[in-house]
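These notes concern the structure reproduced below.
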Amino acid sequence: MKFLCVDCDRQMGFAERALPGDGTLAAVFTCPTCGRAVAMLTNPMETQLVASLGIQIGGRTVPEQPFERTRSTLQGGRDDAFADPVPTGGKSPRWATAAAERLERVPSFVRGMVKRIYTDYAAEHGIEVVTPEVMDQARRELGLEGM
Amino acid sequence: MGEAPRRIRTYHEVEEADRSQLRSQITAQRDRVTERLSSVRHVVGVMSGKGGVGKSFVTAGLATALARRGRRVGVLDGDLHGPTAARMLAAGKGRLEVHADGVVPAAGSLGVAVMSSDLLLSEGAPLRWREPGHDRFVWRGALEAGMLREFLGDVAWGVLDLLLVDLPPGTDRLDALVELVPRLSGVVVVTIPSEASFRAVRRAVQAARASHVPVLGVVENMAGYRCEHCRNEGSLFQGGAGERLAREAGAPLLSRIAFLPEVQAAVDGGAAPAAADALAPAAEALLALLEAA
């Protein structure tokens, strides 16, 4: 699917993605010439179908993780199914208590993968302590709403 | 006179940079599978149109028979809803190591590499997905195909002579496998002797043909019963489905395997090598076919 600004005859570019609720996925596109913005709203069925295919509207923001789709969508996964790599080296950020508690609420089947994504995000942005605010920021920027 | 109608460019004419890159995301998924399997010499499906014919038993027996001959073998349990391969091959339920480049498969009997939904699911948990509670049938197929894709492309299979994909009863998953692995070497078809099995498995043979997948051979399982005490053989089912299917498919009948209660019990209990002797002739024949291809 592409969006064309008819007045400018320019392809509109993806600007942002949001999950406003009730299963709707909103993808905002803007015209690079006139700045006009439109939001494509998918219904829950379309949103789920795209997610089922392992496709990220707006493009991938982090490299695809091994078993990413299975780990983020499977129900009834074993708590101890995976041994995820533990970040090593001095650059690995610390986890604030509140952030660690929030991470603990993520199902353990997928927790290791999610932790790694947040840790990499913090390291890449020179963030020394992962806080709930950093997690929110990463979710927005990386489009992890469904994860 | 009104204004001339505005000309709007077609989808393919609009080719400016697109950050969504949906097409390239799908291509990347396929490329990942292709790249992963580049170190796997042959990918072979084990299929049947019918449940309960011992397909997973045959898969486990072929895998261990070949491993015993020094071949590097992997088993991908494509029966996502009714996985049995991990247990038959005694692939423990230890944690699967996740590395940046993939998930390390579980080590089964005789070093056979194994990946199965059984290794991921809690004991007794059915295969279910986090999804809206309505219209599940619409996307369930996509989710299952996605799991198969990740089993193929995200598992660090390493260098293998043969990757056996144990397909569930029916023909649906074969289509997904063919899409994901265009260079599939072929399928081994498993049947029991009965007329009912012949009729059901025949559909699987036709499905393979329609997908241009070579039928490498037919294994007839439960072709008689051998008493564990007196060793005399008797018949279990009437019919000769194995020979008839082989003839129809233009493929060899790789083996006819008698039902041996003690072997079946051992394999069910996680001792797949017990089936290696029974499947050794079929494994030899399959190997010869693959190497001649």
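Order determines the names: the first chain of the structure tokens is A, the second B, and so forth; residues in each chain are numbered 1 upward, and ligands are numbered 1 upward as they are shown.
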
At a cut-off of 12 Å, using only C-alpha atoms, what residues contact His99 of chain B? Leave out same-chain residues fewer than 4 positions from it and give the result as a PyMOL selection string. (chain A and resi 65-67+82-87+112-113+116) or (chain B and resi 103-105+154-156)

Dump N, CA and C atoms for the selected residues as an mmCIF file, in the first residue's frame?
```
data_model
loop_
_atom_site.group_PDB
_atom_site.id
_atom_site.type_symbol
_atom_site.label_atom_id
_atom_site.label_comp_id
_atom_site.auth_asym_id
_atom_site.auth_seq_id
_atom_site.Cartn_x
_atom_site.Cartn_y
_atom_site.Cartn_z
ATOM 1 N N GLN A 65 14.597 -10.458 15.737
ATOM 2 C CA GLN A 65 15.184 -11.345 16.740
ATOM 3 C C GLN A 65 14.822 -12.793 16.408
ATOM 4 N N PRO A 66 15.710 -13.746 16.754
ATOM 5 C CA PRO A 66 15.347 -15.153 16.523
ATOM 6 C C PRO A 66 14.032 -15.511 17.232
ATOM 7 N N PHE A 67 13.139 -16.149 16.525
ATOM 8 C CA PHE A 67 11.838 -16.576 17.052
ATOM 9 C C PHE A 67 10.986 -15.386 17.516
ATOM 10 N N PHE A 82 13.758 -20.641 27.077
ATOM 11 C CA PHE A 82 14.935 -20.045 26.426
ATOM 12 C C PHE A 82 15.987 -19.590 27.426
ATOM 13 N N ALA A 83 17.218 -19.678 26.988
ATOM 14 C CA ALA A 83 18.320 -19.058 27.728
ATOM 15 C C ALA A 83 18.835 -17.931 26.852
ATOM 16 N N ASP A 84 18.447 -16.723 27.199
ATOM 17 C CA ASP A 84 18.848 -15.572 26.380
ATOM 18 C C ASP A 84 20.236 -15.099 26.791
ATOM 19 N N PRO A 85 20.956 -14.527 25.839
ATOM 20 C CA PRO A 85 22.308 -14.068 26.171
ATOM 21 C C PRO A 85 22.258 -12.949 27.213
ATOM 22 N N VAL A 86 23.163 -13.015 28.137
ATOM 23 C CA VAL A 86 23.248 -11.963 29.159
ATOM 24 C C VAL A 86 24.224 -10.907 28.662
ATOM 25 N N PRO A 87 23.794 -9.625 28.644
ATOM 26 C CA PRO A 87 24.709 -8.580 28.177
ATOM 27 C C PRO A 87 25.977 -8.571 29.019
ATOM 28 N N GLY A 112 13.320 -12.362 28.092
ATOM 29 C CA GLY A 112 14.737 -12.232 27.752
ATOM 30 C C GLY A 112 14.934 -11.444 26.468
ATOM 31 N N MET A 113 14.075 -11.701 25.496
ATOM 32 C CA MET A 113 14.191 -10.990 24.222
ATOM 33 C C MET A 113 13.857 -9.515 24.399
ATOM 34 N N ARG A 116 16.623 -7.668 26.159
ATOM 35 C CA ARG A 116 17.765 -7.416 25.280
ATOM 36 C C ARG A 116 17.502 -6.212 24.373
ATOM 37 N N VAL B 103 18.633 -19.682 17.266
ATOM 38 C CA VAL B 103 18.346 -20.527 18.426
ATOM 39 C C VAL B 103 19.019 -21.882 18.206
ATOM 40 N N VAL B 104 19.761 -22.322 19.200
ATOM 41 C CA VAL B 104 20.476 -23.596 19.075
ATOM 42 C C VAL B 104 19.462 -24.740 19.240
ATOM 43 N N PRO B 105 19.412 -25.666 18.273
ATOM 44 C CA PRO B 105 18.423 -26.758 18.394
ATOM 45 C C PRO B 105 18.761 -27.677 19.557
ATOM 46 N N ASP B 154 15.366 -19.486 11.747
ATOM 47 C CA ASP B 154 15.963 -18.926 12.966
ATOM 48 C C ASP B 154 16.689 -19.965 13.812
ATOM 49 N N VAL B 155 16.608 -21.222 13.438
ATOM 50 C CA VAL B 155 17.321 -22.260 14.191
ATOM 51 C C VAL B 155 18.718 -22.414 13.590
ATOM 52 N N ALA B 156 19.712 -22.412 14.460
ATOM 53 C CA ALA B 156 21.095 -22.556 13.995
ATOM 54 C C ALA B 156 21.356 -24.029 13.697
#
```

Applying 9 Å and only C-alpha atoms, which residues near Arg226 of chain B remain after dropping the ones on its own chain fewer than 3 positions away? List them as a PyMOL selection string. chain B and resi 229-235+258-261

Check: which chain B residues lie within 7 Å of chain A using only C-alpha atoms, as a ChimeraX atom specification: /B:11,14,16,18-22,25,95-99,102-103,119-122,125,128-130,139,142-143,146-147,150,154

Per-residue DSSP, segment 112-202 of chain B, filtered to strand (DSSP E), as a ChimeraX atom specification: /B:113-115,128-129,160-166,186-191

Take the residues from that selection and write them out as a PDB file, in the first residue's frame, keeping C-alpha atoms.
```pdb
ATOM      1  CA  ALA B 113      19.317 -31.824  16.064  1.00  0.00           C
ATOM      2  CA  VAL B 114      15.676 -31.234  16.978  1.00  0.00           C
ATOM      3  CA  MET B 115      13.262 -28.311  16.959  1.00  0.00           C
ATOM      4  CA  ARG B 128      -2.643 -21.096  20.951  1.00  0.00           C
ATOM      5  CA  TRP B 129      -1.796 -17.540  20.091  1.00  0.00           C
ATOM      6  CA  LEU B 160      23.536 -31.032   8.009  1.00  0.00           C
ATOM      7  CA  ASP B 161      23.400 -33.819   5.468  1.00  0.00           C
ATOM      8  CA  LEU B 162      19.668 -34.059   5.895  1.00  0.00           C
ATOM      9  CA  LEU B 163      16.889 -32.101   7.557  1.00  0.00           C
ATOM     10  CA  LEU B 164      13.727 -34.169   7.951  1.00  0.00           C
ATOM     11  CA  VAL B 165      10.520 -32.184   8.344  1.00  0.00           C
ATOM     12  CA  ASP B 166       7.831 -34.222  10.068  1.00  0.00           C
ATOM     13  CA  GLY B 186      11.162 -34.331  -1.928  1.00  0.00           C
ATOM     14  CA  VAL B 187       8.876 -36.174   0.439  1.00  0.00           C
ATOM     15  CA  VAL B 188       8.730 -39.637   1.944  1.00  0.00           C
ATOM     16  CA  VAL B 189       5.143 -40.834   2.157  1.00  0.00           C
ATOM     17  CA  VAL B 190       4.031 -43.019   5.046  1.00  0.00           C
ATOM     18  CA  THR B 191       1.000 -45.276   4.963  1.00  0.00           C
TER      19      THR B 191
END
```

Nearest-residue call for Glu141 of chain A, choices A:Pro93, A:Glu128, A:Tyr121, A:Cys34, using only C-alpha atoms: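 Using only C-alpha atoms, Glu141 of chain A sits closest to A:Tyr121.
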
Check segment 23-164 of chain B with DSSP on the backbone and list each residue it calls helix (DSSP H, G or I), as number ranges by chain. B: 23-39, 55-68, 85-88, 109-111, 117-119, 136-153

Within 6 Å of segment 277-290 of chain B, counting only C-alpha atoms, which residues show up once you throw out same-chain ones fewer than 3 positions away? Write them as a ChimeraX atom specification, please. /B:61-62,65,254-255,293

Name all residues at most 6 Å from Ala91 of chain B (count only C-alpha atoms; drop same-chain ones fewer than 5 positions away) and give them as JSON, numbers by chain. {"B": [86, 106, 107, 108]}

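Atom CA of Arg68 of chain B lies 17.5 Å from atom CA of Glu291 of chain B.
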